[in-house]
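Okay, structure first, notes after.
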Amino acid sequence: MENLKNIAPIEDFNWDAYESGDAVTNVSKEELEKAYDSTLNKVNDREVVDGTVIAMNKREVVVNIGYKSDGIIPLSEFRYNPDLKVGDTVEVYIENQEDKKGQLILSHKKARATRSWDRVNAALENEEIIKGYIKCRTKGGMIVDVFGIEAFLPGSQIDVKPIRDYDVFVGKTMEFKVVKINQEFKNVVVSHKALIEAELEQQKKEIIGKLEKGQVLEGTVKNITSYGVFIDLGGVDGLIHITDLSWGRVSDPREVVSLDQKLNVVILDFDDEKKRIALGLKQLTPHPWDSLDPNLKVGDHVKGKVVVMADYGAFIEIAPGVEGLIHVSEMSWSQHLRSAQDFMKVGDEIEAVILTLDREERKMSLGIKQLKADPWETIEEKYPVGSKHTAKVRNFTNFGVFVEIEEGVDGLIHISDLSWTKKIKHPSEFTQIGADIEVQVLEIDKENRRLSLGHKQLEENPWDVFETVFTVGSIHEGTIIEMLDKGAVVALPYGVEGFATPKHLVKEDGSQAQLDEKLEFKVIEFNKDAKRIILSHSRIFEDAAKAEEKAEKKATKKSSKKEEAPMIQNQVASTTLGDIDALAALKEQLEGKK
């Protein structure tokens, strides 16, 4: 209370003005404003100044620049800096000292843009580490907000290892180095990879210095290609070739490993500078041939899967890394040239017989035809001479038809054994490949695994009958079906053909017989063994003329004999009587002498 007693009232205080609302002293209002303004910072519109963050919420940041009011900035302008907190100093651009509501209008984005180009250039020059906000993906990389500038981050500069999913980086704030600036187009390129390369380079030197062949290291699958797998050994990359992934055959490395998988690998080789490192995975396990059943021997049956096909055969995997070859010749008893694809395909599970086994060379040959009996072992019993069968036409030659009675049993039908009557120039005139044909076994050649077969033998030989029909001198009606230089082919009754030379094709009027002309022909030669009938049209009228001439001569001679007969007879008679007399006289004379 004593303190209150010592307080003296203001002499010039205007109580009336206070009551009316003007609480002022005799000091002028201008002076008060001047005194207040002296306590504030001098700021101008469109100026960049530093401010202090005094409050934050989910949408806005309140910044004090020492002015009579504080400014509010959207939090989105600070996306590049997720670590922003109360008390941090930030740059702001004064857009308006006082709007209609008396509010100070600030922008952090414009402040950064105003100074960004200078900052970016300084960061490049000083190799400064800066922060940036990854806004979105673009072709070949990302767009990064750096000081308000949209910079380009190439995909190859995000990390030292390949990036498979760019989208996971969108919305993140990361540290970068400015690596390139195009002053003309105001383009900026940044890199995150550059920040960690220096550290990795040191690690890489340490790892490379310790590398030795045969050394086992742990690595991470970095990339998978069609030819192998790249392994990150801790800053140093090595390649496991596809053939070194597994003892078995691998068509796709993804069958064995997956991305980011950690595994142990062995160093197989490297160049002098140790930049190319060859790694192996299968070498960490024993070779399958070393653990192959020691009791396995030639003649045993094994099961496996077809892993590789070629025209000459198929490779069968009977255990991972243990393969045997089935040559195409061991797939069938047939002698026909065929492709291995006719018998099996990749992925087939098959059974086979071991034909050869070389453990030292790690080679094995297999066969599947051995699972069936060799048909030629019992060929005489199953296909005896004279037996009849149905075969399939496999191939043609000029001299006959190759057929297959069953798989592995082939035979040849000679062109002359196809038909009794038709003269076949080529087997394709008689049958076609793939067709069935009836055959009779004529001869067995077991050593060469070939049968001599016949088709015409299934029918009775019509030439036995033709021999009685087309006798030499007999006349038959025929049609000229083909004209050749040496003569004409003539179709005779019963489907048989004959041949006539040009001189035997002359007609009675002297003209030559023509194609498709039907005439009478005389058989002048018949050869059953050669199946040949020689004909003549000319002989018919020539022989007729000769016969007529002969008949006339005979008649003339007969008439002349009738006229001379009495005289001849008289002469004979007289001569005979004289002779008798002479003989009688002679007889008497002889008797007298006696």
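Going by the structure tokens order, chains are called A, B, ..., each with residues numbered from 1, while ligands are numbered from 1 in the order shown.
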* Distance query Lys363 (chain A) at most 12 Å, only C-alpha atoms, self and fewer than 6 positions along chain excluded, as a PyMOL selection string -> chain A and resi 289+315-317+321-326+354-357
* Asked: region 496-501 of chain A: which residues within 10 Å, counting only C-alpha atoms, same-chain residues fewer than 2 positions away excluded, as a count of residues only?
  -> 42
* Find the distance between CA of Ala194 (chain A) and CA of Ser258 (chain A) and write it in Å to one decimal. =>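 Atom-to-atom, CA of Ala194 (chain A) and CA of Ser258 (chain A) are spaced 27.4 Å apart.
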* **Among listed residues A:Ala373, A:Val178, A:Val92, A:Ile72, nearest Arg119 (chain A) (using only C-alpha atoms)** => A:Val178
* Name the residues in contact with Gly386 (chain A) at a cut-off of 10 Å, using only C-alpha atoms, excluding same-chain residues fewer than 5 positions from it; report them as a ChimeraX atom specification. => /A:439-443,453-454,457-458
Can those selected residues be exported to a file as a PDB file, in the first residue's frame so that it contains N, CA, C and O atoms?
```
ATOM      1  N   VAL A 439       2.389-107.235 -99.593  1.00  0.00           N
ATOM      2  CA  VAL A 439       3.662-107.788-100.092  1.00  0.00           C
ATOM      3  C   VAL A 439       3.788-109.260 -99.730  1.00  0.00           C
ATOM      4  O   VAL A 439       3.110-109.763 -98.826  1.00  0.00           O
ATOM      5  N   GLN A 440       4.676-109.917-100.459  1.00  0.00           N
ATOM      6  CA  GLN A 440       5.029-111.306-100.170  1.00  0.00           C
ATOM      7  C   GLN A 440       6.545-111.381-100.046  1.00  0.00           C
ATOM      8  O   GLN A 440       7.281-110.776-100.839  1.00  0.00           O
ATOM      9  N   VAL A 441       7.023-112.068 -99.016  1.00  0.00           N
ATOM     10  CA  VAL A 441       8.455-112.193 -98.798  1.00  0.00           C
ATOM     11  C   VAL A 441       9.036-113.138 -99.836  1.00  0.00           C
ATOM     12  O   VAL A 441       8.626-114.294 -99.959  1.00  0.00           O
ATOM     13  N   LEU A 442      10.030-112.622-100.604  1.00  0.00           N
ATOM     14  CA  LEU A 442      10.670-113.429-101.638  1.00  0.00           C
ATOM     15  C   LEU A 442      12.021-113.958-101.179  1.00  0.00           C
ATOM     16  O   LEU A 442      12.409-115.079-101.506  1.00  0.00           O
ATOM     17  N   GLU A 443      12.754-113.096-100.396  1.00  0.00           N
ATOM     18  CA  GLU A 443      14.096-113.483 -99.977  1.00  0.00           C
ATOM     19  C   GLU A 443      14.451-112.729 -98.705  1.00  0.00           C
ATOM     20  O   GLU A 443      14.032-111.582 -98.501  1.00  0.00           O
ATOM     21  N   LEU A 453      10.988-108.222-101.425  1.00  0.00           N
ATOM     22  CA  LEU A 453       9.541-108.410-101.390  1.00  0.00           C
ATOM     23  C   LEU A 453       8.957-108.297-102.792  1.00  0.00           C
ATOM     24  O   LEU A 453       9.585-107.755-103.708  1.00  0.00           O
ATOM     25  N   GLY A 454       7.775-108.818-102.931  1.00  0.00           N
ATOM     26  CA  GLY A 454       7.066-108.710-104.203  1.00  0.00           C
ATOM     27  C   GLY A 454       5.617-108.376-103.955  1.00  0.00           C
ATOM     28  O   GLY A 454       5.052-108.731-102.912  1.00  0.00           O
ATOM     29  N   GLN A 457       3.352-111.048-106.893  1.00  0.00           N
ATOM     30  CA  GLN A 457       3.310-112.467-106.558  1.00  0.00           C
ATOM     31  C   GLN A 457       2.052-112.847-105.775  1.00  0.00           C
ATOM     32  O   GLN A 457       1.748-114.028-105.600  1.00  0.00           O
ATOM     33  N   LEU A 458       1.350-111.848-105.284  1.00  0.00           N
ATOM     34  CA  LEU A 458       0.100-112.127-104.564  1.00  0.00           C
ATOM     35  C   LEU A 458      -1.000-112.553-105.529  1.00  0.00           C
ATOM     36  O   LEU A 458      -2.032-113.077-105.110  1.00  0.00           O
TER      37      LEU A 458
END
```
* DSSP says strand (DSSP E) for which residues of region 177-340 of chain A? Put them as a count of residues only? -> 66
* Mind checking which residues fall within 10 Å of Lys345 (chain A), counting only C-alpha atoms, ignoring those fewer than 5 positions away in the same chain, and posting them as a ChimeraX atom specification? => /A:305-310,314,340
* Spatial neighbours of Ser191 (chain A), 6 Å, only C-alpha atoms, chain gap at least 5 places, as number ranges by chain -> A: 157, 176-177
Those residues with N, CA, C and O atoms, as a compact mmCIF listing (two decimals), in the first residue's frame please?
```txt
# COMPACT_ATOMS: atom_id res chain seq x y z
N GLN A 157 21.70 -42.62 -61.54
CA GLN A 157 22.37 -41.85 -60.49
C GLN A 157 21.62 -41.89 -59.16
O GLN A 157 21.97 -41.18 -58.22
N PHE A 176 21.78 -34.88 -52.25
CA PHE A 176 22.27 -34.95 -53.62
C PHE A 176 23.51 -34.08 -53.77
O PHE A 176 23.81 -33.23 -52.93
N LYS A 177 24.19 -34.32 -54.90
CA LYS A 177 25.25 -33.44 -55.36
C LYS A 177 24.88 -32.96 -56.74
O LYS A 177 24.38 -33.73 -57.56
```
Which residues of region 168-242 of chain A come within 12 Å of region 124-145 of chain A, and what is each one's closest atom pair and distance in Å (one decimal), counting only C-alpha atoms, sorted by chain and residue number, as a tab-separated table?
```
residue	atom	partner	partner_atom	distance
A:Val168	CA	A:Arg137	CA	10.1
A:Phe169	CA	A:Ile134	CA	6.9
A:Val170	CA	A:Ile134	CA	5.3
A:Gly171	CA	A:Ile134	CA	5.4
A:Lys172	CA	A:Ile134	CA	5.6
A:Thr173	CA	A:Tyr133	CA	4.4
A:Met174	CA	A:Lys131	CA	5.7
A:Glu175	CA	A:Lys131	CA	4.5
A:Phe176	CA	A:Ile130	CA	5.4
A:Lys177	CA	A:Ile129	CA	5.2
A:Val178	CA	A:Leu124	CA	5.1
A:Val179	CA	A:Leu124	CA	6.5
A:Lys180	CA	A:Leu124	CA	7.4
A:Ile181	CA	A:Leu124	CA	8.1
A:Asn182	CA	A:Leu124	CA	11.6
A:Asn187	CA	A:Ile143	CA	11.5
A:Val188	CA	A:Val144	CA	9.7
A:Val189	CA	A:Val144	CA	9.2
A:Val190	CA	A:Val144	CA	8.3
A:Ser191	CA	A:Ile129	CA	10.0
A:His192	CA	A:Ile129	CA	9.5
A:Lys193	CA	A:Ile129	CA	11.9
A:Ala194	CA	A:Ile129	CA	10.1
A:Leu195	CA	A:Ile129	CA	8.0
A:Ile196	CA	A:Ile129	CA	11.5
```
* **Polymer residues at most 10 Å from Arg276 (chain A), only C-alpha atoms, same-chain spacing of 6 or more positions, as a list of chain:residue names** => A:Val236, A:Asp237, A:Gly238, A:Leu239, A:Asp269, A:Phe270
If you count only C-alpha atoms, which residues fall within 9 Å of Asp252 (chain A), apart from same-chain ones fewer than 6 positions away, as a PDB file with N, CA, C and O atoms, in the first residue's frame?
```pdb
ATOM      1  N   THR A 225      20.601 -61.841 -65.753  1.00  0.00           N
ATOM      2  CA  THR A 225      20.504 -61.743 -67.210  1.00  0.00           C
ATOM      3  C   THR A 225      20.317 -63.143 -67.795  1.00  0.00           C
ATOM      4  O   THR A 225      20.352 -64.138 -67.062  1.00  0.00           O
ATOM      5  N   SER A 226      20.168 -63.197 -69.103  1.00  0.00           N
ATOM      6  CA  SER A 226      19.974 -64.495 -69.756  1.00  0.00           C
ATOM      7  C   SER A 226      21.249 -65.336 -69.729  1.00  0.00           C
ATOM      8  O   SER A 226      21.188 -66.558 -69.833  1.00  0.00           O
ATOM      9  N   TYR A 227      22.405 -64.676 -69.589  1.00  0.00           N
ATOM     10  CA  TYR A 227      23.670 -65.402 -69.629  1.00  0.00           C
ATOM     11  C   TYR A 227      24.311 -65.601 -68.260  1.00  0.00           C
ATOM     12  O   TYR A 227      25.320 -66.266 -68.138  1.00  0.00           O
ATOM     13  N   GLY A 228      23.746 -65.019 -67.225  1.00  0.00           N
ATOM     14  CA  GLY A 228      24.343 -65.193 -65.905  1.00  0.00           C
ATOM     15  C   GLY A 228      23.763 -64.264 -64.863  1.00  0.00           C
ATOM     16  O   GLY A 228      22.763 -63.574 -65.090  1.00  0.00           O
ATOM     17  N   ILE A 242      25.995 -68.614 -66.450  1.00  0.00           N
ATOM     18  CA  ILE A 242      24.870 -69.547 -66.316  1.00  0.00           C
ATOM     19  C   ILE A 242      25.339 -70.990 -66.183  1.00  0.00           C
ATOM     20  O   ILE A 242      24.709 -71.793 -65.488  1.00  0.00           O
TER      21      ILE A 242
END
```
* To do: Give the answer as one residue: which of A:Gly411, A:Pro375, A:Gly280, A:Gly367 has the shortest atom-to-atom distance to Gly214 (chain A), using only C-alpha atoms?
  => A:Gly280
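Atom pair CA of Glu218 (chain A) / CA of Tyr166 (chain A) has a distance of 27.0 Å (rounded to one decimal).
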